[in-house]
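Containing compact mmCIF, C-alpha atoms: data_7.txt.
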# COMPACT_ATOMS: atom_id res chain seq x y z
CA MET A 1 -226.45 107.28 15.86
CA ALA A 2 -224.33 104.18 16.11
CA SER A 3 -221.35 103.86 18.37
CA ALA A 4 -217.80 104.33 17.14
CA GLU A 5 -217.30 100.56 16.93
CA ILE A 6 -220.34 100.03 14.74
CA ASP A 7 -219.34 102.98 12.54
CA THR A 8 -215.87 101.51 12.14
CA LEU A 9 -217.38 98.19 11.09
CA ILE A 10 -219.66 99.90 8.56
CA GLN A 11 -216.68 101.75 7.14
CA ALA A 12 -214.55 98.60 6.92
CA LEU A 13 -217.33 96.77 5.08
CA SER A 14 -218.14 99.69 2.79
CA ARG A 15 -214.61 99.56 1.40
CA LEU A 16 -215.22 96.10 -0.05
CA PRO A 17 -215.87 96.05 -3.80
CA GLY A 18 -219.59 95.90 -4.50
CA LEU A 19 -220.59 97.41 -1.17
CA GLY A 20 -221.20 101.11 -0.61
CA PRO A 21 -222.01 102.93 2.63
CA ARG A 22 -225.71 102.14 2.32
CA SER A 23 -225.38 98.43 1.68
CA ALA A 24 -222.62 98.18 4.30
CA ARG A 25 -225.02 99.63 6.84
CA ARG A 26 -227.68 97.14 5.85
CA ALA A 27 -225.15 94.34 6.11
CA VAL A 28 -224.09 95.46 9.58
CA LEU A 29 -227.70 95.67 10.73
CA HIS A 30 -228.19 92.15 9.44
CA LEU A 31 -225.07 90.95 11.27
CA ILE A 32 -226.23 92.66 14.44
CA LYS A 33 -229.69 91.17 14.29
CA LYS A 34 -228.49 87.68 13.41
CA ARG A 35 -225.65 87.59 15.83
CA GLU A 36 -225.45 83.82 16.22
CA THR A 37 -226.26 82.79 12.67
CA ALA A 38 -224.51 85.54 10.70
CA MET A 39 -221.99 87.47 12.74
CA ALA A 40 -220.40 84.57 14.61
CA PRO A 41 -219.81 82.42 11.48
CA LEU A 42 -218.41 85.40 9.57
CA LEU A 43 -216.08 86.27 12.41
CA ARG A 44 -214.86 82.67 12.73
CA ALA A 45 -214.34 82.35 8.96
CA LEU A 46 -212.45 85.63 8.80
CA GLU A 47 -210.23 84.64 11.71
CA ALA A 48 -209.48 81.26 10.16
CA VAL A 49 -208.55 82.76 6.79
CA ASN A 50 -206.59 85.65 8.28
CA GLU A 51 -204.56 83.27 10.41
CA LYS A 52 -203.59 80.85 7.67
CA LEU A 53 -203.46 82.92 4.51
CA SER A 54 -200.37 82.61 2.38
CA THR A 55 -199.19 83.04 -1.19
CA CYS A 56 -198.27 79.77 -2.86
CA SER A 57 -194.50 79.73 -3.38
CA ILE A 58 -194.91 77.69 -6.56
CA CYS A 59 -197.73 79.31 -8.56
CA GLY A 60 -198.58 82.55 -6.73
CA ASN A 61 -202.15 81.48 -5.86
CA ILE A 62 -203.45 82.63 -2.48
CA ASP A 63 -204.64 79.89 -0.19
CA THR A 64 -204.53 78.72 3.40
CA THR A 65 -201.75 76.25 2.61
CA ASP A 66 -198.38 76.56 0.87
CA PRO A 67 -198.11 74.94 -1.68
CA CYS A 68 -201.71 75.80 -2.48
CA GLY A 69 -204.53 73.30 -2.97
CA VAL A 70 -204.11 73.36 -6.74
CA CYS A 71 -200.34 72.77 -6.74
CA SER A 72 -200.57 69.98 -4.18
CA ASP A 73 -203.45 68.20 -5.92
CA PRO A 74 -201.98 64.91 -7.29
CA ARG A 75 -204.87 64.50 -9.77
CA ARG A 76 -203.79 67.60 -11.68
CA ASP A 77 -201.57 67.41 -14.70
CA GLY A 78 -198.41 69.35 -13.89
CA SER A 79 -197.18 69.19 -17.50
CA SER A 80 -199.67 71.86 -18.51
CA LEU A 81 -199.48 75.33 -16.98
CA CYS A 82 -202.10 78.03 -17.44
CA VAL A 83 -200.62 81.51 -17.00
CA VAL A 84 -203.01 84.14 -15.64
CA GLU A 85 -202.68 87.76 -14.59
CA GLU A 86 -204.28 87.64 -11.17
CA VAL A 87 -205.43 85.19 -8.51
CA ALA A 88 -209.02 86.16 -9.38
CA ASP A 89 -208.44 84.86 -12.92
CA LEU A 90 -207.12 81.56 -11.57
CA TRP A 91 -210.23 81.19 -9.43
CA ALA A 92 -212.53 82.09 -12.32
CA LEU A 93 -210.90 79.56 -14.64
CA ASP A 94 -210.77 76.88 -12.00
CA ARG A 95 -214.43 77.27 -11.14
CA SER A 96 -215.20 76.19 -14.70
CA ARG A 97 -213.29 72.92 -14.05
CA LEU A 98 -212.29 72.94 -17.71
CA PHE A 99 -208.54 73.08 -17.23
CA PRO A 100 -207.00 69.93 -15.75
CA GLY A 101 -203.47 71.33 -15.35
CA LYS A 102 -201.84 73.70 -12.90
CA TYR A 103 -201.45 77.47 -12.90
CA HIS A 104 -199.01 80.32 -12.76
CA VAL A 105 -200.07 83.73 -11.47
CA LEU A 106 -198.09 86.64 -12.95
CA GLY A 107 -199.32 89.10 -10.35
CA GLY A 108 -200.46 91.72 -12.87
CA ARG A 109 -199.96 92.81 -16.46
CA LEU A 110 -197.32 94.86 -18.21
CA SER A 111 -198.37 98.47 -18.24
CA ALA A 112 -196.38 101.50 -19.32
CA LEU A 113 -199.10 103.67 -17.80
CA ASP A 114 -198.95 102.07 -14.36
CA GLY A 115 -195.19 101.53 -14.56
CA VAL A 116 -195.42 97.73 -14.39
CA ARG A 117 -192.30 96.21 -15.94
CA PRO A 118 -191.48 92.54 -16.67
CA GLU A 119 -189.40 92.30 -13.50
CA ASP A 120 -192.48 93.32 -11.46
CA LEU A 121 -194.25 90.16 -12.60
CA THR A 122 -193.35 86.54 -11.81
CA ILE A 123 -192.12 85.83 -15.34
CA ASP A 124 -188.65 84.78 -14.12
CA ARG A 125 -190.25 82.32 -11.75
CA LEU A 126 -192.30 80.90 -14.62
CA VAL A 127 -189.10 80.45 -16.64
CA ARG A 128 -187.50 78.61 -13.72
CA ARG A 129 -190.53 76.31 -13.44
CA ILE A 130 -190.11 75.42 -17.11
CA GLU A 131 -186.34 75.00 -16.77
CA ALA A 132 -186.94 72.59 -13.89
CA GLY A 133 -188.61 70.31 -16.46
CA GLY A 134 -191.83 68.37 -16.73
CA VAL A 135 -193.79 71.17 -18.42
CA ASP A 136 -195.00 70.51 -21.98
CA GLU A 137 -197.59 73.19 -22.58
CA ILE A 138 -198.13 76.77 -21.53
CA VAL A 139 -201.64 78.19 -21.99
CA LEU A 140 -201.59 81.97 -21.89
CA ALA A 141 -204.89 83.13 -20.37
CA MET A 142 -204.42 86.87 -20.15
CA ASN A 143 -207.36 89.24 -20.37
CA ALA A 144 -208.38 90.23 -23.89
CA THR A 145 -207.25 93.80 -23.23
CA LEU A 146 -204.41 95.73 -24.80
CA GLU A 147 -202.23 95.30 -21.71
CA GLY A 148 -203.20 91.67 -21.29
CA GLN A 149 -202.29 90.88 -24.87
CA THR A 150 -199.02 92.83 -24.65
CA THR A 151 -198.18 90.73 -21.62
CA ALA A 152 -199.12 87.52 -23.44
CA HIS A 153 -196.83 88.36 -26.37
CA TYR A 154 -193.98 89.30 -24.04
CA VAL A 155 -194.28 86.01 -22.13
CA ALA A 156 -194.52 84.06 -25.40
CA ASP A 157 -191.29 85.72 -26.59
CA ARG A 158 -189.53 84.85 -23.34
CA LEU A 159 -190.57 81.21 -23.70
CA GLU A 160 -189.52 80.81 -27.32
CA ALA A 161 -186.22 79.23 -26.38
CA PHE A 162 -187.87 76.38 -24.46
CA PRO A 163 -189.28 73.16 -25.90
CA VAL A 164 -192.84 73.89 -24.75
CA ARG A 165 -195.97 74.41 -26.76
CA VAL A 166 -197.26 77.93 -26.08
CA THR A 167 -200.94 78.57 -26.83
CA GLN A 168 -203.36 81.24 -25.85
CA LEU A 169 -207.11 81.33 -25.25
CA ALA A 170 -209.15 81.80 -28.41
CA HIS A 171 -210.68 85.19 -29.05
CA GLY A 172 -213.97 85.59 -30.86
CA LEU A 173 -217.70 85.68 -30.31
CA PRO A 174 -218.73 84.92 -26.75
CA VAL A 175 -221.38 82.22 -26.34
CA GLY A 176 -224.78 83.80 -26.94
CA GLY A 177 -223.15 86.82 -28.54
CA GLU A 178 -225.26 88.59 -31.14
CA LEU A 179 -223.32 90.24 -33.93
CA ASP A 180 -225.53 93.27 -33.81
CA TYR A 181 -224.51 94.00 -30.21
CA LEU A 182 -220.82 93.09 -30.27
CA ASP A 183 -218.07 95.67 -30.52
CA GLU A 184 -215.96 96.02 -33.64
CA GLY A 185 -212.84 94.71 -31.94
CA THR A 186 -214.50 91.40 -31.12
CA LEU A 187 -215.95 91.11 -34.63
CA ALA A 188 -212.53 91.83 -36.14
CA GLN A 189 -210.92 89.14 -33.95
CA ALA A 190 -213.62 86.62 -34.79
CA LEU A 191 -213.28 87.28 -38.50
CA ARG A 192 -209.49 87.18 -38.48
CA ALA A 193 -209.50 83.87 -36.57
CA ARG A 194 -212.24 82.29 -38.68
CA ARG A 195 -212.03 78.50 -38.97
CA PRO A 196 -213.36 75.82 -41.30
CA ILE A 197 -216.74 74.62 -40.10
CA GLY A 198 -217.71 71.05 -39.24
CA MET B 1 -210.07 76.04 -6.20
CA ALA B 2 -209.99 77.74 -2.84
CA SER B 3 -209.45 75.98 0.43
CA ALA B 4 -212.29 75.09 2.76
CA GLU B 5 -211.57 78.11 4.96
CA ILE B 6 -211.79 80.55 2.06
CA ASP B 7 -214.95 78.88 0.81
CA THR B 8 -216.50 79.18 4.25
CA LEU B 9 -215.65 82.89 4.31
CA ILE B 10 -217.16 83.40 0.85
CA GLN B 11 -220.33 81.66 1.98
CA ALA B 12 -220.56 83.68 5.19
CA LEU B 13 -220.19 86.92 3.25
CA SER B 14 -222.58 85.87 0.48
CA ARG B 15 -225.37 85.58 3.04
CA LEU B 16 -225.23 89.31 3.78
CA PRO B 17 -227.99 91.35 2.16
CA GLY B 18 -226.76 92.96 -1.04
CA LEU B 19 -224.00 90.41 -1.62
CA GLY B 20 -224.36 87.30 -3.75
CA PRO B 21 -221.85 84.48 -4.33
CA ARG B 22 -220.09 86.42 -7.07
CA SER B 23 -219.65 89.67 -5.19
CA ALA B 24 -218.75 87.78 -2.02
CA ARG B 25 -215.94 86.10 -3.95
CA ARG B 26 -214.74 89.45 -5.23
CA ALA B 27 -214.89 90.85 -1.70
CA VAL B 28 -212.88 87.92 -0.32
CA LEU B 29 -210.26 88.33 -3.05
CA HIS B 30 -210.02 91.99 -2.13
CA LEU B 31 -209.64 91.12 1.56
CA ILE B 32 -207.00 88.56 0.73
CA LYS B 33 -205.01 90.92 -1.44
CA LYS B 34 -205.25 93.85 0.96
CA ARG B 35 -204.59 91.88 4.05
CA GLU B 36 -203.20 94.73 6.15
CA THR B 37 -205.43 97.52 4.92
CA ALA B 38 -208.73 95.67 4.44
CA MET B 39 -208.82 92.31 6.20
CA ALA B 40 -207.16 93.30 9.47
CA PRO B 41 -209.37 96.39 10.05
CA LEU B 42 -212.52 94.45 9.20
CA LEU B 43 -211.56 91.65 11.55
CA ARG B 44 -210.79 94.06 14.39
CA ALA B 45 -214.04 95.99 13.83
CA LEU B 46 -216.07 92.80 13.77
CA GLU B 47 -214.44 91.53 16.94
CA ALA B 48 -215.05 94.83 18.73
CA VAL B 49 -218.71 94.94 17.75
CA ASN B 50 -219.32 91.26 18.43
CA GLU B 51 -217.82 91.58 21.89
CA LYS B 52 -219.75 94.63 23.02
CA LEU B 53 -223.06 94.45 21.21
CA SER B 54 -226.18 94.89 23.31
CA THR B 55 -229.81 95.96 23.04
CA CYS B 56 -230.56 99.22 24.84
CA SER B 57 -232.75 98.43 27.85
CA ILE B 58 -234.49 101.81 27.49
CA CYS B 59 -235.30 102.25 23.81
CA GLY B 60 -234.46 98.93 22.13
CA ASN B 61 -231.71 100.39 19.92
CA ILE B 62 -228.71 98.16 19.30
CA ASP B 63 -225.38 99.61 20.28
CA THR B 64 -222.13 98.75 22.00
CA THR B 65 -223.28 100.40 25.23
CA ASP B 66 -226.41 100.05 27.37
CA PRO B 67 -228.10 102.55 27.59
CA CYS B 68 -227.31 103.27 23.95
CA GLY B 69 -225.55 106.36 22.63
CA VAL B 70 -228.85 108.06 21.82
CA CYS B 71 -230.46 107.47 25.23
CA SER B 72 -227.35 108.56 27.12
CA ASP B 73 -226.82 111.72 25.04
CA PRO B 74 -227.56 114.68 27.37
CA ARG B 75 -228.07 117.07 24.44
CA ARG B 76 -231.14 115.17 23.30
CA ASP B 77 -234.61 116.19 24.34
CA GLY B 78 -236.08 113.31 26.31
CA SER B 79 -239.55 114.86 26.34
CA SER B 80 -240.06 113.88 22.70
CA LEU B 81 -240.03 110.22 21.68
CA CYS B 82 -240.03 108.96 18.12
CA VAL B 83 -241.53 105.46 17.86
CA VAL B 84 -240.14 103.29 15.05
CA GLU B 85 -240.61 99.70 13.95
CA GLU B 86 -237.02 98.57 13.68
CA VAL B 87 -233.50 99.58 14.66
CA ALA B 88 -232.82 100.24 10.97
CA ASP B 89 -235.55 102.89 11.00
CA LEU B 90 -234.01 104.56 14.03
CA TRP B 91 -230.66 104.68 12.26
CA ALA B 92 -232.21 106.02 9.06
CA LEU B 93 -234.05 108.80 10.92
CA ASP B 94 -231.11 109.65 13.07
CA ARG B 95 -228.78 109.95 10.10
CA SER B 96 -230.96 112.82 8.90
CA ARG B 97 -230.29 114.64 12.20
CA LEU B 98 -233.75 116.16 11.94
CA PHE B 99 -235.20 114.76 15.14
CA PRO B 100 -233.70 116.17 18.33
CA GLY B 101 -235.49 113.82 20.73
CA LYS B 102 -235.06 110.19 21.71
CA TYR B 103 -236.47 106.98 20.27
CA HIS B 104 -238.45 103.87 21.02
CA VAL B 105 -238.01 100.73 18.91
CA LEU B 106 -241.11 98.51 18.77
CA GLY B 107 -239.20 95.55 17.38
CA GLY B 108 -241.57 94.98 14.46
CA ARG B 109 -245.09 95.73 13.30
CA LEU B 110 -248.46 94.15 14.02
CA SER B 111 -249.17 91.49 11.44
CA ALA B 112 -251.95 88.98 11.35
CA LEU B 113 -250.13 87.20 8.54
CA ASP B 114 -246.87 86.79 10.46
CA GLY B 115 -248.67 86.29 13.78
CA VAL B 116 -247.18 89.39 15.40
CA ARG B 117 -249.45 90.53 18.25
CA PRO B 118 -249.24 93.67 20.41
CA GLU B 119 -247.56 91.71 23.21
CA ASP B 120 -244.76 90.73 20.79
CA LEU B 121 -243.82 94.40 20.44
CA THR B 122 -242.41 96.71 23.12
CA ILE B 123 -245.64 98.71 23.42
CA ASP B 124 -245.96 97.99 27.15
CA ARG B 125 -242.48 99.27 27.68
CA LEU B 126 -243.37 102.46 25.77
CA VAL B 127 -246.40 102.92 28.04
CA ARG B 128 -244.18 102.53 31.10
CA ARG B 129 -241.75 105.14 29.76
CA ILE B 130 -244.65 107.58 29.41
CA GLU B 131 -246.04 106.67 32.86
CA ALA B 132 -242.62 107.40 34.33
CA GLY B 133 -243.19 111.02 33.24
CA GLY B 134 -241.22 113.65 31.39
CA VAL B 135 -242.56 112.74 27.95
CA ASP B 136 -244.69 115.39 26.18
CA GLU B 137 -244.81 114.21 22.60
CA ILE B 138 -244.85 110.91 20.78
CA VAL B 139 -244.01 110.94 17.07
CA LEU B 140 -245.20 107.77 15.37
CA ALA B 141 -242.76 106.99 12.54
CA MET B 142 -244.03 103.67 11.25
CA ASN B 143 -243.57 102.67 7.63
CA ALA B 144 -246.29 103.88 5.26
CA THR B 145 -247.46 100.31 4.74
CA LEU B 146 -250.73 98.71 5.75
CA GLU B 147 -249.12 96.92 8.68
CA GLY B 148 -247.11 99.97 9.69
CA GLN B 149 -250.22 102.13 9.76
CA THR B 150 -252.22 99.50 11.62
CA THR B 151 -249.48 99.49 14.21
CA ALA B 152 -249.47 103.30 14.38
CA HIS B 153 -253.21 103.40 15.02
CA TYR B 154 -252.97 100.68 17.63
CA VAL B 155 -250.20 102.53 19.48
CA ALA B 156 -252.12 105.82 19.23
CA ASP B 157 -255.16 104.14 20.78
CA ARG B 158 -253.10 102.75 23.63
CA LEU B 159 -251.69 106.22 24.36
CA GLU B 160 -255.02 108.04 24.32
CA ALA B 161 -255.32 107.93 28.09
CA PHE B 162 -252.04 109.79 28.61
CA PRO B 163 -251.48 113.54 28.52
CA VAL B 164 -249.08 113.37 25.57
CA ARG B 165 -249.37 114.83 22.09
CA VAL B 166 -249.36 111.95 19.60
CA THR B 167 -248.41 112.84 16.01
CA GLN B 168 -247.34 110.84 13.03
CA LEU B 169 -245.10 111.52 10.06
CA ALA B 170 -246.83 113.27 7.19
CA HIS B 171 -247.73 111.24 4.12
CA GLY B 172 -247.77 112.72 0.64
CA LEU B 173 -245.57 113.40 -2.35
CA PRO B 174 -241.91 112.56 -1.78
CA VAL B 175 -239.43 115.33 -2.61
CA GLY B 176 -238.80 115.25 -6.35
CA GLY B 177 -241.86 113.07 -6.88
CA GLU B 178 -243.57 113.48 -10.24
CA LEU B 179 -247.31 112.93 -10.24
CA ASP B 180 -247.12 110.98 -13.44
CA TYR B 181 -244.93 108.35 -11.82
CA LEU B 182 -246.46 108.12 -8.35
CA ASP B 183 -248.81 105.36 -7.32
CA GLU B 184 -252.49 106.01 -6.68
CA GLY B 185 -252.16 105.40 -2.96
CA THR B 186 -249.62 108.19 -2.57
CA LEU B 187 -251.70 110.56 -4.71
CA ALA B 188 -254.81 109.75 -2.66
CA GLN B 189 -252.92 110.45 0.59
CA ALA B 190 -251.50 113.70 -0.77
CA LEU B 191 -254.90 114.87 -1.93
CA ARG B 192 -256.65 113.89 1.28
CA ALA B 193 -254.03 115.68 3.38
CA ARG B 194 -253.91 118.80 1.19
CA ARG B 195 -253.04 121.99 3.03
CA PRO B 196 -253.46 125.72 2.43
CA ILE B 197 -250.47 127.05 0.55
CA GLY B 198 -248.15 129.85 1.69
Once you've parsed the file, please lay out its structure as structure tokens.
Amino acid sequence: MASAEIDTLIQALSRLPGLGPRSARRAVLHLIKKRETAMAPLLRALEAVNEKLSTCSICGNIDTTDPCGVCSDPRRDGSSLCVVEEVADLWALDRSRLFPGKYHVLGGRLSALDGVRPEDLTIDRLVRRIEAGGVDEIVLAMNATLEGQTTAHYVADRLEAFPVRVTQLAHGLPVGGELDYLDEGTLAQALRARRPIG
Amino acid sequence: MASAEIDTLIQALSRLPGLGPRSARRAVLHLIKKRETAMAPLLRALEAVNEKLSTCSICGNIDTTDPCGVCSDPRRDGSSLCVVEEVADLWALDRSRLFPGKYHVLGGRLSALDGVRPEDLTIDRLVRRIEAGGVDEIVLAMNATLEGQTTAHYVADRLEAFPVRVTQLAHGLPVGGELDYLDEGTLAQALRARRPIG
């Protein structure tokens, strides 16, 4: 039905997470119909990002500048570093605007299954950032998964020798969580980490 | 968090049907991480389509050539024309590979509510295609909606004067449809159009 070019575009879009062949086709039809208001802006935005994209040489964030917008922001407190697994985690945390410090992206998590070893992550670079001075606190913000927590403990061990406070995100009931619907693991965590009230 | 360029790209993607802000962000992260295997192909495909896109001057299909791939396909039977509302309908029908003829895209449906009149659709152009000769059958493939059916009847009336067979898609139970779950309108159609079995 459609020409090779349109098919190629549908295929390229359908490989994005969250889009399948059907929704990619709908998206392409939309782009085709709204050529000036949808296709042209998307093309320009994609060109701009593709041209400038780089990995921040300090924290590992991906941005159109190096150092990235977070690292070069003078209003941020560089004495506090939040260590995350992936760039997506950095973005998620930063959207909440709750953390006023800077970040460090490990680039993954330790995994025997996937063959990810400590030297595959940017742990050495994190150590060098701390050795360079000026860092007081490290907040470990790994995912609450087995591999995430293994990674958090490994990083904590590596940082033991340095005069920095190492904390990690609290685990427990999520906001709005109903006990009846939560898994046992979460309940166990919440119970183990119980705190005095008020 | 992200630079202005990345934000612009997320916004452009989030305006596609089927993608919201959250999935657009995930898609952009994916593009950014897989720069060579995801972003570059998408950019090239978008450029190619954007450069060549045109509306077929014969049938109204959108393609990268004019006449479109369907109209210029010599294996297709030009004596049979399937009339559809939108380009998306043409694509949907043609994916099924069930119709061996060519198409005519009306560019919408008659609608008092939206102020779409017969002269806003390509009905005159359809009449001229029939007047030019070589067309034996017109298959009306409008949506089974009130406006779609109004449009079908209007087009059928306009074509009455010509020596062409005018048919329309059958209405009734969809394949796999269970009576218990079907709406009354569909049941009424199926009952009214009942046919001898075997």
For the point (-225.6, 95.2, 3.8) in file coordinates, what residues are within 9 Å, counting only C-alpha atoms? Give the answer as a CSV table (one decimal) with C-alpha atoms, in the frame of the given file?
chain,number,residue,atom,x,y,z
A,10,ILE,CA,-219.7,99.9,8.6
A,13,LEU,CA,-217.3,96.8,5.1
A,14,SER,CA,-218.1,99.7,2.8
A,19,LEU,CA,-220.6,97.4,-1.2
A,20,GLY,CA,-221.2,101.1,-0.6
A,21,PRO,CA,-222.0,102.9,2.6
A,22,ARG,CA,-225.7,102.1,2.3
A,23,SER,CA,-225.4,98.4,1.7
A,24,ALA,CA,-222.6,98.2,4.3
A,25,ARG,CA,-225.0,99.6,6.8
A,26,ARG,CA,-227.7,97.1,5.8
A,27,ALA,CA,-225.2,94.3,6.1
A,28,VAL,CA,-224.1,95.5,9.6
A,29,LEU,CA,-227.7,95.7,10.7
A,30,HIS,CA,-228.2,92.2,9.4
A,31,LEU,CA,-225.1,91.0,11.3
B,16,LEU,CA,-225.2,89.3,3.8
B,17,PRO,CA,-228.0,91.4,2.2
B,18,GLY,CA,-226.8,93.0,-1.0
B,19,LEU,CA,-224.0,90.4,-1.6
Chain B residues near chain A (7 Å cut-off, only C-alpha atoms) as a VMD selection string: chain B and resid 1 to 3 5 to 6 8 to 9 12 to 13 16 to 18 23 26 to 27 29 to 30 38 41 to 43 45 to 46 48 to 49 63 to 64 69 to 70 88 91 94 to 95
Please put the answer as lines of an AutoDock Vina configuration file: centre and edge lengths, in Å with one decimal, of a box along x, y and z that encloses all listed atoms of region 79-97 of chain A plus 6 Å on each side.
center_x = -206.2
center_y = 78.5
center_z = -13.5
size_x = 30.0
size_y = 30.6
size_z = 22.0
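Interatomic distance, CA of Leu113 (chain B) to CA of Val127 (chain B): 25.3 Å.
For the pair CA of Gln189 (chain B) and CA of Val164 (chain B), the interatomic distance is 25.4 Å.
Going from CA of Gly148 (chain B) to CA of Val84 (chain B) covers 9.4 Å.
The environment of region 119-122 of chain A within 10 Å, counting all atoms listed in the file and disregarding residues fewer than 6 places along the same chain, consists of Cys59, Gly60, Glu85, His104, Val105, Leu106, Gly107, Gly108, Arg109, Leu110 and Thr151 of chain A.
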Surrounding residues of Leu169 (chain B) excluding itself and chain neighbours under 3 positions, 10 Å, all atoms listed in the file, as an MDAnalysis selection string: chainID B and resid 82 139:144 172
Residues from the last selection, C-alpha atoms, saved as a PDB file, in the coordinates of the input:
ATOM      1  CA  CYS B  82    -240.030 108.960  18.120  1.00  0.00           C
ATOM      2  CA  VAL B 139    -244.010 110.940  17.070  1.00  0.00           C
ATOM      3  CA  LEU B 140    -245.200 107.770  15.370  1.00  0.00           C
ATOM      4  CA  ALA B 141    -242.760 106.990  12.540  1.00  0.00           C
ATOM      5  CA  MET B 142    -244.030 103.670  11.250  1.00  0.00           C
ATOM      6  CA  ASN B 143    -243.570 102.670   7.630  1.00  0.00           C
ATOM      7  CA  ALA B 144    -246.290 103.880   5.260  1.00  0.00           C
ATOM      8  CA  GLY B 172    -247.770 112.720   0.640  1.00  0.00           C
TER       9      GLY B 172
END
Non-local contacts of Ala188 (chain A) (12 Å; all atoms listed in the file; under 5 positions in same chain excluded) as a PyMOL selection string: chain A and resi 171-173+179+182-183+193-194
Neighbour residues at most 10 Å from (-257.2, 92.5, 19.5) (only C-alpha atoms) as an MDAnalysis selection string: chainID B and resid 117:118 154
Keeping C-alpha atoms, export the residues of the selection given above as a PDB file, keeping the file's coordinate frame.
ATOM      1  CA  ARG B 117    -249.450  90.530  18.250  1.00  0.00           C
ATOM      2  CA  PRO B 118    -249.240  93.670  20.410  1.00  0.00           C
ATOM      3  CA  TYR B 154    -252.970 100.680  17.630  1.00  0.00           C
TER       4      TYR B 154
END
